[in-house]
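Just entry.txt here, compact mmCIF, C-alpha atoms:
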```
# COMPACT_ATOMS: atom_id res chain seq x y z
CA MET X 35 262.15 30.60 156.14
CA LYS X 36 265.46 30.79 154.34
CA VAL X 37 266.56 30.92 150.71
CA LEU X 38 270.13 30.14 149.69
CA ALA X 39 271.45 31.79 146.55
CA PHE X 40 274.45 30.33 144.75
CA ASN X 41 276.33 32.80 142.54
CA ASP X 42 278.06 30.70 139.94
CA SER X 43 279.84 33.57 138.25
CA PRO X 44 283.49 33.94 139.26
CA ARG X 45 282.98 37.71 138.94
CA GLN X 46 280.69 40.00 140.88
CA GLY X 47 278.92 41.16 137.74
CA ASN X 48 275.59 40.52 136.07
CA THR X 49 274.78 37.19 137.73
CA ALA X 50 275.31 38.74 141.17
CA ALA X 51 273.22 41.78 140.21
CA ALA X 52 270.36 39.58 138.96
CA LEU X 53 270.42 37.47 142.13
CA LYS X 54 270.35 40.65 144.26
CA ILE X 55 267.11 41.72 142.58
CA VAL X 56 265.38 38.46 143.49
CA LEU X 57 266.92 38.39 146.98
CA GLY X 58 265.84 41.98 147.63
CA VAL X 59 262.22 41.08 146.98
CA LEU X 60 262.46 37.99 149.19
CA GLU X 61 263.99 40.02 152.02
CA ARG X 62 261.25 42.67 151.74
CA GLU X 63 258.78 39.80 152.11
CA GLY X 64 260.43 38.79 155.39
CA ILE X 65 262.38 35.79 154.07
CA GLU X 66 265.95 35.31 155.24
CA THR X 67 268.54 34.97 152.47
CA GLU X 68 272.17 33.99 152.17
CA THR X 69 274.42 34.18 149.12
CA ILE X 70 277.18 31.63 148.62
CA GLN X 71 279.95 32.25 146.09
CA LEU X 72 280.06 29.11 143.95
CA GLY X 73 281.95 30.57 140.99
CA GLY X 74 285.68 30.32 141.55
CA SER X 75 285.29 27.83 144.41
CA GLY X 76 287.04 25.06 142.48
CA ILE X 77 284.23 22.59 143.03
CA LYS X 78 285.09 19.30 141.35
CA PRO X 79 282.84 17.36 138.98
CA CYS X 80 280.84 14.34 140.05
CA ARG X 81 282.78 11.05 139.80
CA SER X 82 279.62 8.91 139.59
CA CYS X 83 280.96 6.73 142.40
CA PHE X 84 277.42 6.44 143.86
CA GLN X 85 278.77 6.37 147.41
CA CYS X 86 276.09 8.97 148.18
CA PHE X 87 273.56 6.21 147.50
CA GLU X 88 275.51 3.56 149.39
CA LYS X 89 275.86 5.73 152.50
CA GLY X 90 272.38 7.20 152.12
CA GLY X 91 272.88 10.35 154.19
CA GLY X 92 272.91 12.86 151.36
CA SER X 93 276.60 13.73 151.57
CA CYS X 94 279.36 13.38 148.99
CA SER X 95 282.47 11.22 149.27
CA GLN X 96 284.60 14.00 147.78
CA ARG X 97 286.14 16.16 150.47
CA ASP X 98 285.57 19.74 149.44
CA VAL X 99 283.24 22.60 150.30
CA LEU X 100 280.14 20.88 148.86
CA ASN X 101 279.30 18.92 152.02
CA LEU X 102 279.15 22.16 154.03
CA TRP X 103 276.85 23.61 151.39
CA LEU X 104 274.69 20.47 151.34
CA GLU X 105 273.97 20.88 155.06
CA LYS X 106 272.75 24.43 154.41
CA ILE X 107 270.79 23.38 151.33
CA TYR X 108 268.93 20.65 153.22
CA GLU X 109 268.02 23.11 156.00
CA ALA X 110 266.82 25.86 153.62
CA GLN X 111 263.32 26.04 152.18
CA GLY X 112 264.42 27.61 148.89
CA ILE X 113 267.38 27.62 146.53
CA LEU X 114 268.38 30.05 143.80
CA ILE X 115 271.14 29.13 141.39
CA GLY X 116 272.53 32.03 139.39
CA SER X 117 274.70 31.22 136.41
CA PRO X 118 276.26 33.12 133.56
CA VAL X 119 276.04 31.53 130.13
CA TYR X 120 279.24 29.99 128.78
CA PHE X 121 279.07 28.52 125.27
CA ALA X 122 275.27 28.20 125.31
CA GLY X 123 275.00 26.55 128.72
CA ALA X 124 275.68 26.85 132.41
CA SER X 125 279.33 27.12 133.44
CA SER X 126 281.36 24.03 134.29
CA GLU X 127 281.21 24.83 138.03
CA ALA X 128 277.43 25.18 137.85
CA LYS X 129 277.22 21.84 136.08
CA ALA X 130 279.48 20.18 138.68
CA PHE X 131 277.29 21.67 141.42
CA ILE X 132 274.07 20.52 139.72
CA ASP X 133 275.38 16.98 139.19
CA ARG X 134 276.73 16.53 142.70
CA VAL X 135 273.90 18.21 144.61
CA GLY X 136 271.33 16.36 142.54
CA LEU X 137 272.87 12.94 143.02
CA CYS X 138 273.62 13.44 146.73
CA ALA X 139 270.07 14.62 147.41
CA MET X 140 268.63 11.64 145.54
CA GLY X 141 271.02 9.27 147.32
CA GLY X 142 269.89 10.69 150.64
CA GLY X 143 266.24 9.90 149.88
CA TYR X 144 265.29 12.98 147.83
CA LYS X 145 266.33 15.52 150.46
CA LEU X 146 265.26 18.40 148.18
CA LYS X 147 261.71 17.12 147.69
CA ARG X 148 259.12 19.91 147.87
CA LYS X 149 261.68 22.65 148.42
CA VAL X 150 261.40 25.68 146.14
CA GLY X 151 264.08 26.23 143.49
CA ALA X 152 264.64 28.74 140.71
CA ALA X 153 267.29 29.51 138.12
CA VAL X 154 268.61 33.05 137.57
CA ILE X 155 270.58 33.40 134.35
CA ALA X 156 272.76 36.24 133.06
CA VAL X 157 273.49 36.16 129.34
CA LYS X 158 275.20 38.30 126.72
CA ARG X 159 272.96 37.26 123.86
CA GLN X 160 272.10 33.58 123.42
CA GLY X 161 272.20 30.26 125.25
CA ALA X 162 270.13 31.41 128.23
CA VAL X 163 267.36 28.87 127.70
CA SER X 164 269.87 26.00 127.68
CA ALA X 165 271.45 27.20 130.94
CA PHE X 166 267.98 27.80 132.44
CA ASN X 167 266.96 24.25 131.55
CA GLN X 168 270.17 22.77 132.97
CA VAL X 169 269.58 24.40 136.35
CA ASN X 170 265.87 23.57 136.38
CA SER X 171 266.68 19.92 135.66
CA LEU X 172 268.27 19.71 139.11
CA PHE X 173 265.04 20.97 140.63
CA ALA X 174 262.71 18.86 138.50
CA LEU X 175 264.58 15.59 138.99
CA ASN X 176 264.62 16.13 142.75
CA GLN X 177 260.86 16.76 143.01
CA MET X 178 261.27 20.42 143.84
CA ILE X 179 258.69 23.12 143.14
CA ILE X 180 259.75 25.69 140.54
CA PRO X 181 258.13 29.13 140.67
CA CYS X 182 257.76 30.99 137.40
CA SER X 183 257.81 34.61 136.33
CA ILE X 184 256.54 36.65 133.38
CA TYR X 185 259.33 35.28 131.17
CA TRP X 186 262.24 32.89 131.48
CA ASN X 187 264.43 34.00 134.39
CA PHE X 188 267.25 35.65 132.51
CA GLY X 189 268.60 39.11 131.90
CA MET X 190 270.89 40.36 129.17
CA GLY X 191 274.17 42.17 129.70
CA MET X 192 277.86 41.88 128.94
CA GLU X 193 279.69 44.41 131.11
CA PRO X 194 279.27 44.19 134.90
CA GLY X 195 275.97 45.76 135.95
CA GLU X 196 274.65 45.97 132.38
CA VAL X 197 271.89 43.46 133.22
CA LEU X 198 270.30 46.23 135.33
CA LYS X 199 269.58 48.13 132.09
CA ASP X 200 267.52 45.21 130.75
CA GLU X 201 264.09 46.42 131.91
CA GLU X 202 262.29 43.20 131.01
CA GLY X 203 264.96 41.14 132.76
CA VAL X 204 264.75 43.27 135.91
CA GLU X 205 260.95 42.96 135.94
CA THR X 206 261.24 39.21 135.40
CA PHE X 207 263.58 38.87 138.40
CA GLN X 208 261.30 41.03 140.57
CA VAL X 209 258.23 38.97 139.71
CA LEU X 210 260.22 35.78 140.30
CA GLY X 211 261.04 37.05 143.81
CA GLU X 212 257.38 37.88 144.44
CA ASN X 213 256.19 34.48 143.21
CA MET X 214 258.89 32.63 145.12
CA ALA X 215 258.00 34.48 148.34
CA TRP X 216 254.29 33.77 147.84
CA LEU X 217 254.97 30.09 147.23
CA LEU X 218 257.30 29.75 150.21
CA LYS X 219 254.68 31.35 152.49
CA LYS X 220 251.94 29.06 151.16
CA LEU X 221 254.11 25.98 151.71
CA GLY X 222 255.33 27.19 155.10
CA GLY X 223 252.06 27.45 156.64
```
Show me, as structure tokens, the structure contained in the file I just sent.
Amino acid sequence: MKVLAFNDSPRQGNTAAALKIVLGVLEREGIETETIQLGGSGIKPCRSCFQCFEKGGGSCSQRDVLNLWLEKIYEAQGILIGSPVYFAGASSEAKAFIDRVGLCAMGGGYKLKRKVGAAVIAVKRQGAVSAFNQVNSLFALNQMIIPCSIYWNFGMGMEPGEVLKDEEGVETFQVLGENMAWLLKKLGG
């Protein structure tokens, strides 16, 4: 079993720290993980050309790193998307990723169906629920299974590493990892 984690923050700060908490639990449960640096990758927005539907294979007509990531996503059993909050929502790169992955997967015949997906959000103060909902919309519209935790999956912090001082956020990420591992094992066999 494998879980891919996409760090949408261009910095190695709170989003990366939050993802590491969840990934640490998954690894302790014997699940392979890989982190991909999405933030700062320069991923382009979806052009709504619908060639992903015309070709039907689940790939994108734009020639950038996304097609390499799509291959990994389709092979993985779980996906984590970590995003900081920018102006009360996910960052523009996260949104481009959500739009393109979502449409390509649908165009390929719902290639994400019944995979496990969860959002991990780092926030200074507000807007976390909006970002959380944006990420979860990718999962919901692609018929994925979304594990929950004891609270919405976000932690608060401004300076790099400050999210680790948010005790409730840390606990939320740990429980998310436990629930995601449990779910993946149940689905895997």
For this session: Do a neighbour search on Val37 of chain X at 6 Å with all atoms listed in the file, toss out local chain neighbours closer than 4 positions, and write the hits as a PyMOL selection string.
Result: chain X and resi 67+110+112-113
Exercise. Near Gly92 of chain X, counting all atoms listed in the file, which residues have an atom at most 9 Å away, once you skip same-chain residues fewer than 3 positions from it, shown as a PyMOL selection string?
Worked result: chain X and resi 86-87+89+101+104-105+108+135+137-145
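Closest to Gln208 of chain X among X:Val59, X:Leu114, X:Gly76, X:Asn187 is X:Val59, based on all atoms listed in the file.
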For this session: May I have the residues at most 12 Å from (274.0, 29.0, 129.1) in the file's coordinates, counting all atoms listed in the file, as a count of residues only?
Result: 36
Problem set entry | Surrounding residues of Glu212 of chain X excluding itself and chain neighbours under 2 positions, 9 Å, all atoms listed in the file, as a ChimeraX atom specification | /X:56,59-60,63,183,207-210,214-217
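Closest approach to Gly73 of chain X among X:Val204, X:Asp98, X:Ala51, X:Arg45: X:Arg45, based on all atoms listed in the file.
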Exercise. Excluding same-chain residues fewer than 3 positions from Pro44 of chain X, what lies within 9 Å of it counting only C-alpha atoms, as an NGL selection string?
Worked result: :X and (41 or 47 or 71-75)
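Minimum atom-to-atom distances from X:Ala52, X:Leu57, X:Leu221, X:Ala39 to Lys106 of chain X were compared using all atoms listed in the file, and the lowest value belongs to X:Ala39.
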Exercise. What is the atom CA of Ala130 of chain X to atom CA of Met35 of chain X distance in Å?
Worked result: 26.7 Å
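Proximity of X:Cys83, X:Ile65, X:Met192, X:Leu172 to Gln96 of chain X, computed with only C-alpha atoms, is greatest for X:Cys83.
Rounded to one decimal, atom CA of Ile132 of chain X and atom CA of Leu38 of chain X lie 14.4 Å from each other.
Distance-wise, atom CA of Tyr185 of chain X and atom CA of Trp103 of chain X end up 29.2 Å apart.
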Set up a box along x, y and z of the file covering all listed atoms of segment 197-204 of chain X, add 3 Å on every one of the six sides, and write the centre and edge lengths in Å to one decimal, as AutoDock Vina command-line options.
```
--center_x 267.1 --center_y 44.6 --center_z 133.3 --size_x 15.6 --size_y 13.0 --size_z 11.2
```
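For Arg148 of chain X, the set of protein, DNA and RNA residues having any atom at most 7 Å away, when counting all atoms listed in the file and skipping those fewer than 2 positions along the same chain, is Leu146, Val150, Gln177, Met178 and Ile179 of chain X.
Counting all atoms listed in the file and comparing X:Gly151, X:Pro79, X:Pro194, X:Gly222, the residue that lies closest to Ala50 of chain X is X:Pro194.
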